[in-house]
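*Asks:* File name structure_32.tsv; file contents TSV, C-alpha atoms; full text below.
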```tsv
chain	number	residue	atom	x	y	z
A	223	MET	CA	-25.21	-56.46	-204.78
A	224	GLN	CA	-22.42	-54.09	-205.82
A	225	PRO	CA	-23.44	-50.70	-207.28
A	226	SER	CA	-23.18	-50.25	-211.03
A	227	PRO	CA	-19.87	-48.80	-212.20
A	228	PRO	CA	-19.89	-45.05	-212.99
A	229	GLY	CA	-21.84	-44.42	-216.19
A	230	LEU	CA	-23.50	-47.82	-216.50
A	231	ASP	CA	-26.53	-46.79	-214.48
A	232	GLN	CA	-27.15	-43.96	-216.96
A	233	LEU	CA	-26.93	-46.36	-219.90
A	234	ILE	CA	-29.29	-48.90	-218.34
A	235	LYS	CA	-31.90	-46.19	-217.67
A	236	ILE	CA	-31.86	-45.15	-221.32
A	237	ILE	CA	-32.02	-48.62	-222.89
A	238	ASP	CA	-35.17	-50.54	-222.11
A	239	PRO	CA	-34.00	-53.29	-219.67
A	240	GLU	CA	-35.94	-56.06	-221.38
A	241	GLU	CA	-34.75	-54.98	-224.85
A	242	PHE	CA	-31.15	-54.85	-223.61
A	243	SER	CA	-31.32	-58.17	-221.78
A	244	ASP	CA	-33.01	-60.06	-224.62
A	245	THR	CA	-30.64	-58.82	-227.32
A	246	LEU	CA	-27.43	-59.19	-225.33
A	247	GLN	CA	-28.19	-62.56	-223.78
A	248	ARG	CA	-29.46	-64.01	-227.04
A	249	HIS	CA	-26.21	-63.26	-228.86
A	250	LEU	CA	-23.46	-62.92	-226.25
A	251	LEU	CA	-24.61	-65.26	-223.50
A	252	PRO	CA	-24.61	-67.90	-222.04
A	253	PRO	CA	-21.81	-67.07	-221.64
A	254	LEU	CA	-19.29	-65.26	-223.85
A	255	HIS	CA	-16.00	-67.01	-223.11
A	256	ALA	CA	-12.45	-65.92	-223.78
A	257	GLY	CA	-9.79	-68.36	-224.92
A	258	PRO	CA	-6.01	-68.32	-224.51
A	259	VAL	CA	-4.57	-64.84	-224.13
A	260	GLN	CA	-2.69	-63.75	-227.25
A	261	THR	CA	-2.51	-60.00	-226.62
A	262	LEU	CA	-1.78	-58.14	-223.41
A	263	GLN	CA	-3.00	-54.57	-223.58
A	264	ILE	CA	-1.16	-52.43	-221.03
A	265	ASN	CA	-2.46	-49.01	-220.07
A	266	MET	CA	0.63	-47.25	-218.75
A	267	GLY	CA	-1.34	-44.37	-217.28
A	268	LEU	CA	-3.81	-41.58	-217.86
A	269	LEU	CA	-1.26	-38.78	-218.24
A	270	CYS	CA	-1.57	-37.19	-221.68
A	271	ASN	CA	-0.46	-33.98	-223.35
A	272	MET	CA	-3.97	-33.59	-224.79
A	273	THR	CA	-7.58	-33.44	-223.54
A	274	CYS	CA	-9.76	-34.85	-226.33
A	275	ARG	CA	-13.53	-34.56	-226.35
A	276	HIS	CA	-14.11	-38.19	-227.37
A	277	CYS	CA	-11.57	-39.69	-224.95
A	278	HIS	CA	-13.10	-42.76	-223.27
A	279	VAL	CA	-10.29	-42.98	-220.69
A	280	ASP	CA	-10.65	-39.38	-219.47
A	281	ALA	CA	-6.91	-38.75	-219.93
A	282	GLY	CA	-5.22	-35.37	-219.74
A	283	PRO	CA	-2.26	-33.29	-218.52
A	284	THR	CA	-3.46	-33.31	-214.90
A	285	ARG	CA	-3.58	-37.13	-214.55
A	286	ILE	CA	-0.09	-37.36	-213.04
A	287	VAL	CA	-0.94	-39.84	-210.26
A	288	GLU	CA	-2.42	-42.62	-212.38
A	289	ASN	CA	0.80	-43.86	-213.98
A	290	MET	CA	2.19	-47.40	-213.97
A	291	SER	CA	5.10	-48.07	-211.63
A	292	ARG	CA	8.20	-50.04	-212.60
A	293	GLU	CA	7.15	-52.79	-210.19
A	294	THR	CA	3.78	-53.21	-211.90
A	295	MET	CA	5.46	-53.13	-215.30
A	296	HIS	CA	7.70	-56.03	-214.25
A	297	ALA	CA	4.64	-57.96	-213.05
A	298	CYS	CA	3.28	-57.55	-216.59
A	299	LEU	CA	6.56	-58.86	-218.01
A	300	SER	CA	6.35	-61.91	-215.75
A	301	PHE	CA	2.86	-62.61	-217.05
A	302	ILE	CA	4.11	-62.19	-220.63
A	303	ASP	CA	6.67	-64.91	-219.93
A	304	THR	CA	4.36	-67.39	-218.23
A	305	ALA	CA	1.39	-66.90	-220.55
A	306	ARG	CA	3.58	-66.86	-223.68
A	307	ILE	CA	2.06	-63.62	-224.90
A	308	GLN	CA	2.59	-62.94	-228.60
A	309	THR	CA	1.64	-59.25	-228.73
A	310	VAL	CA	1.82	-56.36	-226.28
A	311	ASP	CA	-0.48	-53.42	-227.01
A	312	ILE	CA	0.71	-50.33	-225.13
A	313	THR	CA	-1.80	-47.58	-224.52
A	314	GLY	CA	-2.68	-44.67	-222.20
A	315	GLY	CA	-3.13	-41.63	-221.97
A	316	ALA	CA	0.02	-41.01	-223.89
A	317	PRO	CA	2.06	-44.07	-222.88
A	318	GLU	CA	5.26	-42.44	-224.11
A	319	LEU	CA	5.05	-40.02	-221.15
A	320	ASN	CA	5.51	-42.85	-218.65
A	321	PRO	CA	9.19	-43.02	-217.61
A	322	ASN	CA	9.08	-46.83	-217.93
A	323	PHE	CA	7.81	-46.83	-221.52
A	324	ARG	CA	11.16	-47.48	-223.20
A	325	GLU	CA	12.14	-50.21	-220.76
A	326	LEU	CA	8.84	-52.00	-221.38
A	327	VAL	CA	9.30	-51.83	-225.15
A	328	GLU	CA	12.91	-53.00	-224.99
A	329	SER	CA	12.05	-55.86	-222.62
A	330	CYS	CA	9.27	-57.06	-224.90
A	331	ARG	CA	11.41	-56.90	-228.02
A	332	GLN	CA	14.16	-58.86	-226.26
A	333	ARG	CA	11.53	-61.57	-225.79
A	334	ASP	CA	10.65	-61.38	-229.50
A	335	VAL	CA	7.18	-60.10	-228.57
A	336	HIS	CA	5.45	-57.88	-231.12
A	337	VAL	CA	4.82	-54.40	-229.69
A	338	MET	CA	2.11	-51.92	-230.66
A	339	ASP	CA	2.12	-48.33	-229.41
A	340	ARG	CA	-1.12	-46.35	-229.43
A	341	CYS	CA	0.20	-42.87	-230.13
A	342	ASN	CA	-1.67	-39.56	-230.31
A	343	LEU	CA	0.98	-38.22	-232.77
A	344	THR	CA	1.41	-34.81	-231.11
A	345	VAL	CA	3.40	-36.36	-228.26
A	346	LEU	CA	6.16	-37.01	-230.81
A	347	LEU	CA	6.67	-33.24	-231.15
A	348	LEU	CA	7.48	-32.67	-227.49
A	349	PRO	CA	11.14	-31.58	-227.16
A	350	ARG	CA	12.17	-34.60	-225.08
A	351	HIS	CA	10.68	-36.97	-227.67
A	352	LYS	CA	12.41	-35.47	-230.69
A	353	ALA	CA	14.31	-38.70	-231.39
A	354	LEU	CA	11.43	-41.04	-230.50
A	355	PRO	CA	10.34	-41.81	-234.11
A	356	GLU	CA	13.81	-43.18	-234.91
A	357	TRP	CA	13.89	-45.14	-231.66
A	358	LEU	CA	10.47	-46.69	-232.34
A	359	ALA	CA	11.57	-47.66	-235.84
A	360	GLN	CA	14.79	-49.17	-234.51
A	361	HIS	CA	12.75	-51.42	-232.18
A	362	GLU	CA	10.23	-52.30	-234.91
A	363	VAL	CA	7.27	-50.99	-232.92
A	364	GLU	CA	3.97	-50.96	-234.78
A	365	LEU	CA	2.23	-47.60	-234.41
A	366	ILE	CA	-1.52	-47.12	-234.07
A	367	CYS	CA	-1.94	-43.36	-234.40
A	368	SER	CA	-5.15	-41.53	-233.61
A	369	LEU	CA	-6.28	-39.01	-236.22
A	370	PRO	CA	-9.99	-38.18	-236.01
A	371	HIS	CA	-10.26	-36.87	-239.58
A	372	PHE	CA	-8.23	-36.15	-242.71
A	373	ARG	CA	-9.43	-32.54	-242.56
A	374	LYS	CA	-8.38	-29.83	-240.13
A	375	ARG	CA	-11.89	-28.99	-238.97
A	376	GLY	CA	-12.86	-32.54	-238.03
A	377	THR	CA	-9.65	-33.20	-236.10
A	378	ASP	CA	-9.41	-29.86	-234.31
A	379	ARG	CA	-13.05	-30.06	-233.26
A	380	GLN	CA	-12.34	-33.24	-231.30
A	381	ARG	CA	-8.80	-32.56	-230.12
A	382	GLY	CA	-8.31	-28.79	-229.99
A	383	ASP	CA	-7.10	-26.02	-232.30
A	384	GLY	CA	-3.82	-26.70	-234.03
A	385	THR	CA	-3.92	-30.46	-233.45
A	386	PHE	CA	-4.34	-31.36	-237.10
A	387	GLN	CA	-1.31	-29.41	-238.25
A	388	ARG	CA	0.84	-30.89	-235.49
A	389	SER	CA	-0.42	-34.37	-236.35
A	390	ILE	CA	0.56	-33.91	-239.99
A	391	GLU	CA	4.03	-32.79	-238.94
A	392	ALA	CA	4.38	-35.88	-236.74
A	393	LEU	CA	3.21	-38.15	-239.58
A	394	LYS	CA	5.82	-36.65	-241.90
A	395	ARG	CA	8.51	-37.39	-239.31
A	396	LEU	CA	7.32	-40.97	-239.11
A	397	ASN	CA	7.37	-41.27	-242.90
A	398	GLN	CA	10.95	-39.98	-242.91
A	399	VAL	CA	12.11	-42.90	-240.72
A	400	GLY	CA	10.30	-45.49	-242.83
A	401	TYR	CA	6.85	-45.74	-241.25
A	402	GLY	CA	3.83	-46.01	-243.55
A	403	LYS	CA	5.84	-47.23	-246.53
A	404	GLY	CA	4.75	-50.86	-246.63
A	405	ASP	CA	7.59	-52.17	-244.44
A	406	PRO	CA	6.00	-54.74	-242.05
A	407	THR	CA	8.58	-53.88	-239.38
A	408	ARG	CA	7.54	-50.21	-239.44
A	409	LYS	CA	3.79	-50.44	-239.79
A	410	LEU	CA	1.74	-47.26	-239.40
A	411	THR	CA	-2.00	-47.58	-238.86
A	412	LEU	CA	-4.26	-44.55	-238.53
A	413	MET	CA	-7.25	-44.75	-236.20
A	414	HIS	CA	-10.36	-42.71	-236.91
A	415	ASN	CA	-13.16	-41.88	-234.48
A	416	PRO	CA	-16.36	-40.33	-235.88
A	417	ALA	CA	-16.73	-36.71	-234.76
A	418	GLY	CA	-20.23	-37.09	-233.37
A	419	ALA	CA	-23.07	-39.44	-232.43
A	420	PHE	CA	-22.84	-41.58	-235.56
A	421	PHE	CA	-20.86	-44.48	-237.03
A	422	GLY	CA	-18.03	-44.37	-239.52
A	423	ALA	CA	-18.54	-44.99	-243.24
A	424	ASP	CA	-17.53	-48.11	-245.17
A	425	PRO	CA	-13.93	-48.85	-244.10
A	426	THR	CA	-12.69	-49.71	-247.59
A	427	GLU	CA	-14.06	-46.52	-249.08
A	428	MET	CA	-12.76	-44.52	-246.13
A	429	GLU	CA	-9.22	-45.85	-246.48
A	430	THR	CA	-9.15	-44.97	-250.19
A	431	ARG	CA	-10.39	-41.45	-249.45
A	432	TRP	CA	-7.91	-40.94	-246.63
A	433	ARG	CA	-4.97	-42.07	-248.78
A	434	THR	CA	-5.95	-39.62	-251.49
A	435	GLU	CA	-6.57	-36.67	-249.15
A	436	LEU	CA	-3.47	-37.10	-246.99
A	437	GLY	CA	-1.22	-38.09	-249.88
A	438	ASP	CA	-2.22	-35.41	-252.38
A	439	LYS	CA	-2.46	-32.51	-249.93
A	440	TYR	CA	0.29	-33.29	-247.43
A	441	GLY	CA	2.49	-36.00	-248.92
A	442	VAL	CA	1.66	-38.32	-246.00
A	443	THR	CA	1.44	-42.10	-246.43
A	444	PHE	CA	0.21	-44.83	-244.08
A	445	ASP	CA	-0.32	-48.59	-244.20
A	446	HIS	CA	-3.84	-49.09	-242.90
A	447	LEU	CA	-6.88	-47.22	-241.56
A	448	ILE	CA	-9.19	-48.49	-238.84
A	449	CYS	CA	-12.37	-46.91	-237.49
A	450	LEU	CA	-13.56	-47.21	-233.90
A	451	ASN	CA	-17.10	-46.47	-232.80
A	452	ASN	CA	-17.15	-43.92	-230.01
A	453	MET	CA	-17.99	-45.70	-226.76
A	454	PRO	CA	-20.72	-44.16	-224.56
A	455	ILE	CA	-18.50	-43.85	-221.48
A	456	ASN	CA	-16.57	-41.10	-219.69
A	457	ARG	CA	-15.98	-37.91	-221.70
A	458	PHE	CA	-17.98	-38.99	-224.74
A	459	LEU	CA	-20.86	-40.05	-222.50
A	460	ASP	CA	-20.84	-36.60	-220.91
A	461	TRP	CA	-21.04	-35.02	-224.36
A	462	LEU	CA	-23.91	-37.31	-225.40
A	463	ILE	CA	-25.86	-36.28	-222.31
A	464	GLN	CA	-25.15	-32.56	-222.72
A	465	SER	CA	-26.12	-32.62	-226.40
A	466	ASP	CA	-29.25	-34.75	-225.86
A	467	ASN	CA	-27.80	-37.48	-228.07
A	468	LEU	CA	-27.50	-40.27	-225.51
A	469	GLY	CA	-30.83	-42.01	-226.11
A	470	PRO	CA	-30.67	-41.89	-229.93
A	471	TYR	CA	-27.03	-43.00	-230.00
A	472	LEU	CA	-27.59	-45.98	-227.71
A	473	ARG	CA	-30.62	-47.09	-229.67
A	474	ASN	CA	-28.63	-46.81	-232.89
A	475	LEU	CA	-26.00	-49.09	-231.36
A	476	VAL	CA	-28.62	-51.64	-230.30
A	477	ASN	CA	-30.40	-51.53	-233.67
A	478	ALA	CA	-27.10	-52.00	-235.51
A	479	PHE	CA	-26.20	-55.11	-233.50
A	480	ASN	CA	-24.49	-57.68	-235.75
A	481	PRO	CA	-24.07	-61.23	-234.37
A	482	GLY	CA	-21.29	-61.77	-236.90
A	483	THR	CA	-19.05	-59.39	-234.97
A	484	VAL	CA	-18.94	-61.50	-231.81
A	485	ALA	CA	-16.34	-64.05	-232.95
A	486	GLY	CA	-13.80	-61.30	-233.60
A	487	LEU	CA	-14.25	-59.31	-230.39
A	488	MET	CA	-10.94	-58.36	-228.78
A	489	CYS	CA	-12.10	-59.56	-225.37
A	490	LYS	CA	-11.91	-63.17	-226.60
A	491	ASP	CA	-8.11	-63.23	-226.83
A	492	THR	CA	-6.96	-60.06	-225.02
A	493	LEU	CA	-6.43	-59.03	-221.42
A	494	SER	CA	-6.43	-55.34	-220.52
A	495	ILE	CA	-4.22	-54.17	-217.64
A	496	ASP	CA	-4.69	-50.78	-215.97
A	497	TRP	CA	-1.90	-48.58	-214.64
A	498	ASN	CA	-2.24	-50.19	-211.20
A	499	GLY	CA	-1.98	-53.77	-212.46
A	500	ARG	CA	-5.66	-54.68	-212.30
A	501	VAL	CA	-7.01	-57.02	-214.97
A	502	TYR	CA	-10.01	-56.46	-217.26
A	503	ASP	CA	-11.50	-58.17	-220.29
A	504	CYS	CA	-11.11	-55.03	-222.41
A	505	ASP	CA	-10.10	-51.40	-222.30
A	506	PHE	CA	-13.72	-50.30	-222.05
A	507	ASN	CA	-14.51	-52.52	-219.08
A	508	GLN	CA	-11.39	-51.07	-217.50
A	509	MET	CA	-12.78	-47.55	-217.78
A	510	LEU	CA	-16.09	-48.69	-216.27
A	511	ASN	CA	-14.32	-50.56	-213.43
A	512	ILE	CA	-15.67	-53.98	-214.40
A	513	PRO	CA	-12.79	-56.35	-213.56
A	514	ALA	CA	-12.19	-59.67	-215.27
A	515	LYS	CA	-14.08	-62.46	-213.54
A	516	ARG	CA	-11.71	-64.54	-211.43
A	517	THR	CA	-12.67	-65.80	-208.00
A	518	ASP	CA	-9.04	-65.77	-206.88
A	519	GLY	CA	-8.09	-62.21	-207.72
A	520	SER	CA	-7.97	-59.73	-210.55
A	521	HIS	CA	-4.43	-58.33	-210.30
A	522	ILE	CA	-1.82	-59.20	-212.92
A	523	SER	CA	0.40	-60.86	-210.30
A	524	ILE	CA	-2.45	-63.25	-209.40
A	525	PHE	CA	-3.15	-63.95	-213.06
A	526	GLU	CA	0.53	-64.75	-213.49
A	527	LEU	CA	0.24	-67.54	-210.93
A	528	ILE	CA	-2.96	-68.85	-212.50
A	529	SER	CA	-1.28	-68.79	-215.89
A	530	LYS	CA	1.59	-70.94	-214.62
A	531	GLU	CA	-0.89	-73.54	-213.41
A	532	SER	CA	-2.90	-73.53	-216.64
A	533	ASN	CA	0.02	-73.18	-219.07
A	534	GLY	CA	-1.30	-69.79	-220.18
A	535	ASN	CA	-4.76	-71.06	-221.14
A	536	LEU	CA	-6.98	-68.69	-219.17
A	537	SER	CA	-10.48	-69.61	-220.29
A	538	ARG	CA	-12.89	-67.32	-218.50
A	539	PRO	CA	-16.36	-65.79	-218.92
A	540	VAL	CA	-16.25	-62.26	-220.32
A	541	MET	CA	-18.03	-59.54	-218.39
A	542	VAL	CA	-20.54	-57.72	-220.60
A	543	GLY	CA	-22.78	-54.67	-220.30
A	544	PRO	CA	-24.79	-52.16	-222.34
A	545	HIS	CA	-21.60	-50.52	-223.63
A	546	CYS	CA	-20.76	-53.78	-225.46
A	547	PHE	CA	-23.16	-52.72	-228.21
A	548	GLY	CA	-20.48	-50.19	-229.19
A	549	CYS	CA	-18.25	-53.10	-230.26
A	550	THR	CA	-20.98	-55.16	-231.94
A	551	ALA	CA	-22.62	-52.50	-234.13
A	552	GLY	CA	-22.30	-52.68	-237.90
A	553	ARG	CA	-19.04	-54.31	-238.97
A	554	GLY	CA	-17.92	-54.34	-235.36
A	555	SER	CA	-15.43	-52.14	-233.58
A	556	SER	CA	-12.39	-53.09	-231.56
A	557	CYS	CA	-8.89	-51.79	-230.93
A	558	GLY	CA	-7.93	-53.58	-234.14
A	559	GLY	CA	-10.75	-52.09	-236.19
A	560	ALA	CA	-13.69	-54.01	-237.69
A	561	THR	CA	-14.34	-57.47	-236.25
A	562	THR	CA	-16.01	-58.88	-239.36
A	563	PRO	CA	-14.19	-59.63	-242.65
A	564	ILE	CA	-14.21	-56.81	-245.21
A	565	GLU	CA	-15.51	-58.15	-248.50
```
Just give me the structure of the file as structure tokens.
*Replies:*
Amino acid sequence: MQPSPPGLDQLIKIIDPEEFSDTLQRHLLPPLHAGPVQTLQINMGLLCNMTCRHCHVDAGPTRIVENMSRETMHACLSFIDTARIQTVDITGGAPELNPNFRELVESCRQRDVHVMDRCNLTVLLLPRHKALPEWLAQHEVELICSLPHFRKRGTDRQRGDGTFQRSIEALKRLNQVGYGKGDPTRKLTLMHNPAGAFFGADPTEMETRWRTELGDKYGVTFDHLICLNNMPINRFLDWLIQSDNLGPYLRNLVNAFNPGTVAGLMCKDTLSIDWNGRVYDCDFNQMLNIPAKRTDGSHISIFELISKESNGNLSRPVMVGPHCFGCTAGRGSSCGGATTPIE
């Protein structure tokens, strides 16, 4: 038997094994299966200009080794072709810091593939990225921008002093080139993470409040707001342990389990690729080193060959674990926001 990935052993010790097994297997197994891949999420590396407290990928300025090569990027493009991928979701770290970022975006757009960029906002203020907002708009890249809170205190507490002000400046630059104005080709979504061991409020009420606060005080507009539950892995897991919040937070996740969230889980139509080309069912499994279940390999080049044989229909069992309760609590939480319809 292989050892549990880093962090999972701590989660399993906190959650009663029988309680975990009964709840998860009753609702997610046997087994949770993915269908055809519609979205390829590509993590271009862990290099980032920030070191955020809630970061589940443990990114930062020192992660210079873990960055996707051009060869691996082209393997992803080959898979996009053979699997007929509709959407590419580019993430990191700060994916814009990878020297192959622009080539990946341009190659996807040439294929008429929709591109999403998960941006931390402050990277847009770096001198070498001064013209990046215009370039992103030109290529009709949808932006998913992380902003922990509409107030300075909540954002700076998670991401460091001065982050909120820099984020507002970046948002204004994006507004100036047409983002956040209702244009579907220049869509700007803000992503909120709760600043502690709790869940976000009602998403509809939150979006109304955020529009008012950011619009009235700073003249900033956006198209949509999503809220992600903080996942108990990596840096946020460390904080939960240090603050004695791990047990209560995990039990809150289990108690808030909603079977209605399962149908909309991102792992059912998404593949997550790490900087080295390895394949996972989701970004969170990637961080816990739980590869996608294929007996004949878990690298994107192998999946490309399998996709050719199956015409892109890669039905496969999804690997699950205690951290999956982070995606199934309340209205659900995924990289696209809630997984249940908002009434």
*Asks:* At a cut-off of 10 Å, can you tabulate as JSON lines every residue of range 323-422 of chain A near range 311-318 of chain A together with its closest atom pair and the distance in Å to one decimal, using all atoms listed in the file and ordering rows by chain then number?
*Replies:*
```
{"residue": "A:Phe323", "atom": "CA", "partner": "A:Glu318", "partner_atom": "CA", "distance": 5.7}
{"residue": "A:Arg324", "atom": "CA", "partner": "A:Glu318", "partner_atom": "CA", "distance": 7.8}
{"residue": "A:Leu326", "atom": "CA", "partner": "A:Ile312", "partner_atom": "CA", "distance": 9.1}
{"residue": "A:Val327", "atom": "CA", "partner": "A:Ile312", "partner_atom": "CA", "distance": 8.7}
{"residue": "A:His336", "atom": "CA", "partner": "A:Asp311", "partner_atom": "CA", "distance": 8.5}
{"residue": "A:Val337", "atom": "CA", "partner": "A:Asp311", "partner_atom": "CA", "distance": 6.0}
{"residue": "A:Met338", "atom": "CA", "partner": "A:Asp311", "partner_atom": "CA", "distance": 4.7}
{"residue": "A:Asp339", "atom": "CA", "partner": "A:Ile312", "partner_atom": "CA", "distance": 4.9}
{"residue": "A:Arg340", "atom": "CA", "partner": "A:Thr313", "partner_atom": "CA", "distance": 5.1}
{"residue": "A:Cys341", "atom": "CA", "partner": "A:Ala316", "partner_atom": "CA", "distance": 6.5}
{"residue": "A:Asn342", "atom": "CA", "partner": "A:Ala316", "partner_atom": "CA", "distance": 6.8}
{"residue": "A:Leu343", "atom": "CA", "partner": "A:Ala316", "partner_atom": "CA", "distance": 9.4}
{"residue": "A:Thr344", "atom": "CA", "partner": "A:Ala316", "partner_atom": "CA", "distance": 9.6}
{"residue": "A:Val345", "atom": "CA", "partner": "A:Ala316", "partner_atom": "CA", "distance": 7.2}
{"residue": "A:Leu346", "atom": "CA", "partner": "A:Glu318", "partner_atom": "CA", "distance": 8.7}
{"residue": "A:His351", "atom": "CA", "partner": "A:Glu318", "partner_atom": "CA", "distance": 8.5}
{"residue": "A:Leu354", "atom": "CA", "partner": "A:Glu318", "partner_atom": "CA", "distance": 9.0}
{"residue": "A:Glu364", "atom": "CA", "partner": "A:Asp311", "partner_atom": "CA", "distance": 9.3}
{"residue": "A:Leu365", "atom": "CA", "partner": "A:Ile312", "partner_atom": "CA", "distance": 9.8}
{"residue": "A:Ile366", "atom": "CA", "partner": "A:Asp311", "partner_atom": "CA", "distance": 9.5}
```
*Asks:* Here is a test: counting all atoms listed in the file, which residue of A:Val363, A:Ile448, A:Thr411, A:Leu475 is nearest to Met428 in chain A?
*Replies:*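 For Met428 in chain A, the nearest of the given residues is A:Ile448.
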*Asks:* Of the candidates A:Thr407, A:Asn289, A:Thr309, A:Thr443, which shows the shortest atom-to-atom distance to Asn322 in chain A, using only C-alpha atoms?
*Replies:*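 With only C-alpha atoms as the atom set, the closest residue is A:Asn289.
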*Asks:* Name the residues within 7 Å of (-15.4, -48.2, -220.9), counting only C-alpha atoms in the file's coordinates, and put them as a list in words.
*Replies:*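 Checked against the point, the hits come out as His278, Met453, Ile455, Asp505, Phe506, Asn507, Gln508, Met509 and Leu510 of chain A.
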*Asks:* Using C-alpha atoms, can you write the selected residues to a file as a PDB file, keeping the file's coordinate frame?
*Replies:*
```
ATOM      1  CA  HIS A 278     -13.100 -42.760-223.270  1.00  0.00           C
ATOM      2  CA  MET A 453     -17.990 -45.700-226.760  1.00  0.00           C
ATOM      3  CA  ILE A 455     -18.500 -43.850-221.480  1.00  0.00           C
ATOM      4  CA  ASP A 505     -10.100 -51.400-222.300  1.00  0.00           C
ATOM      5  CA  PHE A 506     -13.720 -50.300-222.050  1.00  0.00           C
ATOM      6  CA  ASN A 507     -14.510 -52.520-219.080  1.00  0.00           C
ATOM      7  CA  GLN A 508     -11.390 -51.070-217.500  1.00  0.00           C
ATOM      8  CA  MET A 509     -12.780 -47.550-217.780  1.00  0.00           C
ATOM      9  CA  LEU A 510     -16.090 -48.690-216.270  1.00  0.00           C
TER      10      LEU A 510
END
```
*Asks:* Figure out the distance between CA of Lys403 in chain A and CA of Ser389 in chain A, please, to one decimal in Å.
*Replies:*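 It comes out at 17.6 Å.
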*Asks:* Near Ile522 in chain A, within 12 Å and counting only C-alpha atoms, which residues show up once chain neighbours fewer than 3 positions away are dropped, as a ChimeraX atom specification?
*Replies:* /A:262-264,293-302,304-305,493-502,513-514,516,518-519,525-529
*Asks:* Provide the CA of Leu412 in chain A to CA of Cys449 in chain A distance in Å, to one decimal place.
*Replies:*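 Atom-to-atom, CA of Leu412 in chain A to CA of Cys449 in chain A, that is 8.5 Å.
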*Asks:* Could you tell me which of A:Thr492, A:Thr385, A:Gln360, A:Asn265 comes closest to Leu347 in chain A if we count all atoms listed in the file?
*Replies:* A:Thr385
*Asks:* For Asn397 in chain A, which residue among A:Val542, A:Ala359, A:Leu319, A:Val335 is the nearest when counting only C-alpha atoms?
*Replies:* A:Ala359
*Asks:* Suppose you want the space between CA of Leu468 in chain A and CA of Pro454 in chain A; what is it in Å?
*Replies:*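 According to the coordinates, CA of Leu468 in chain A and CA of Pro454 in chain A are separated by 7.9 Å.
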*Asks:* So, with only C-alpha atoms as the atoms that count, which of A:Leu436, A:Met413, A:Met541, A:Leu396 lies closest to Pro355 in chain A?
*Replies:* A:Leu396
*Asks:* Just want the 8 Å neighbourhood of Pro416 in chain A, counted on all atoms listed in the file, with same-chain residues fewer than 6 positions away dropped. Output as a list in words.
*Replies:*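 In the requested format, the answer is Pro370, His371, Gly422, Cys449, Leu450, Asn451 and Asn452 of chain A.
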*Asks:* Neighbours of Asn477 in chain A within 10 Å (all atoms listed in the file; same-chain residues fewer than 2 positions away dropped), as a PyMOL selection string?
*Replies:* chain A and resi 245+471-475+479-480+547+551-552
*Asks:* For Val399 in chain A, which of A:Trp432, A:Gly384, A:Cys549, A:Ala353 is the closest residue, counting only C-alpha atoms?
*Replies:*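 With only C-alpha atoms as the atom set, the closest residue is A:Ala353.
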*Asks:* Is it possible to add N, CA and C atoms to range 302-313 of chain A and hand it back as an mmCIF file, in the frame of the given file?
*Replies:*
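Contents of rebuild_13.cif, freshly written:
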```
data_model
loop_
_atom_site.group_PDB
_atom_site.id
_atom_site.type_symbol
_atom_site.label_atom_id
_atom_site.label_comp_id
_atom_site.auth_asym_id
_atom_site.auth_seq_id
_atom_site.Cartn_x
_atom_site.Cartn_y
_atom_site.Cartn_z
ATOM 1 N N ILE A 302 3.773 -61.980 -219.219
ATOM 2 C CA ILE A 302 4.110 -62.190 -220.630
ATOM 3 C C ILE A 302 4.918 -63.474 -220.796
ATOM 4 N N ASP A 303 5.843 -63.703 -219.872
ATOM 5 C CA ASP A 303 6.670 -64.910 -219.930
ATOM 6 C C ASP A 303 5.854 -66.176 -219.681
ATOM 7 N N THR A 304 5.059 -66.166 -218.617
ATOM 8 C CA THR A 304 4.360 -67.390 -218.230
ATOM 9 C C THR A 304 3.186 -67.711 -219.148
ATOM 10 N N ALA A 305 2.542 -66.684 -219.670
ATOM 11 C CA ALA A 305 1.390 -66.900 -220.550
ATOM 12 C C ALA A 305 1.778 -66.971 -222.022
ATOM 13 N N ARG A 306 3.078 -66.795 -222.307
ATOM 14 C CA ARG A 306 3.580 -66.860 -223.680
ATOM 15 C C ARG A 306 2.847 -65.892 -224.595
ATOM 16 N N ILE A 307 2.759 -64.666 -224.145
ATOM 17 C CA ILE A 307 2.060 -63.620 -224.900
ATOM 18 C C ILE A 307 2.782 -63.338 -226.201
ATOM 19 N N GLN A 308 2.022 -63.193 -227.281
ATOM 20 C CA GLN A 308 2.590 -62.940 -228.600
ATOM 21 C C GLN A 308 2.685 -61.447 -228.928
ATOM 22 N N THR A 309 1.717 -60.665 -228.395
ATOM 23 C CA THR A 309 1.640 -59.250 -228.730
ATOM 24 C C THR A 309 1.370 -58.430 -227.487
ATOM 25 N N VAL A 310 2.081 -57.315 -227.351
ATOM 26 C CA VAL A 310 1.820 -56.360 -226.280
ATOM 27 C C VAL A 310 1.344 -55.057 -226.925
ATOM 28 N N ASP A 311 0.186 -54.613 -226.485
ATOM 29 C CA ASP A 311 -0.480 -53.420 -227.010
ATOM 30 C C ASP A 311 -0.402 -52.346 -225.936
ATOM 31 N N ILE A 312 0.452 -51.336 -226.142
ATOM 32 C CA ILE A 312 0.710 -50.330 -225.130
ATOM 33 C C ILE A 312 -0.149 -49.098 -225.386
ATOM 34 N N THR A 313 -0.878 -48.684 -224.347
ATOM 35 C CA THR A 313 -1.800 -47.580 -224.520
ATOM 36 C C THR A 313 -1.767 -46.669 -223.298
#
```
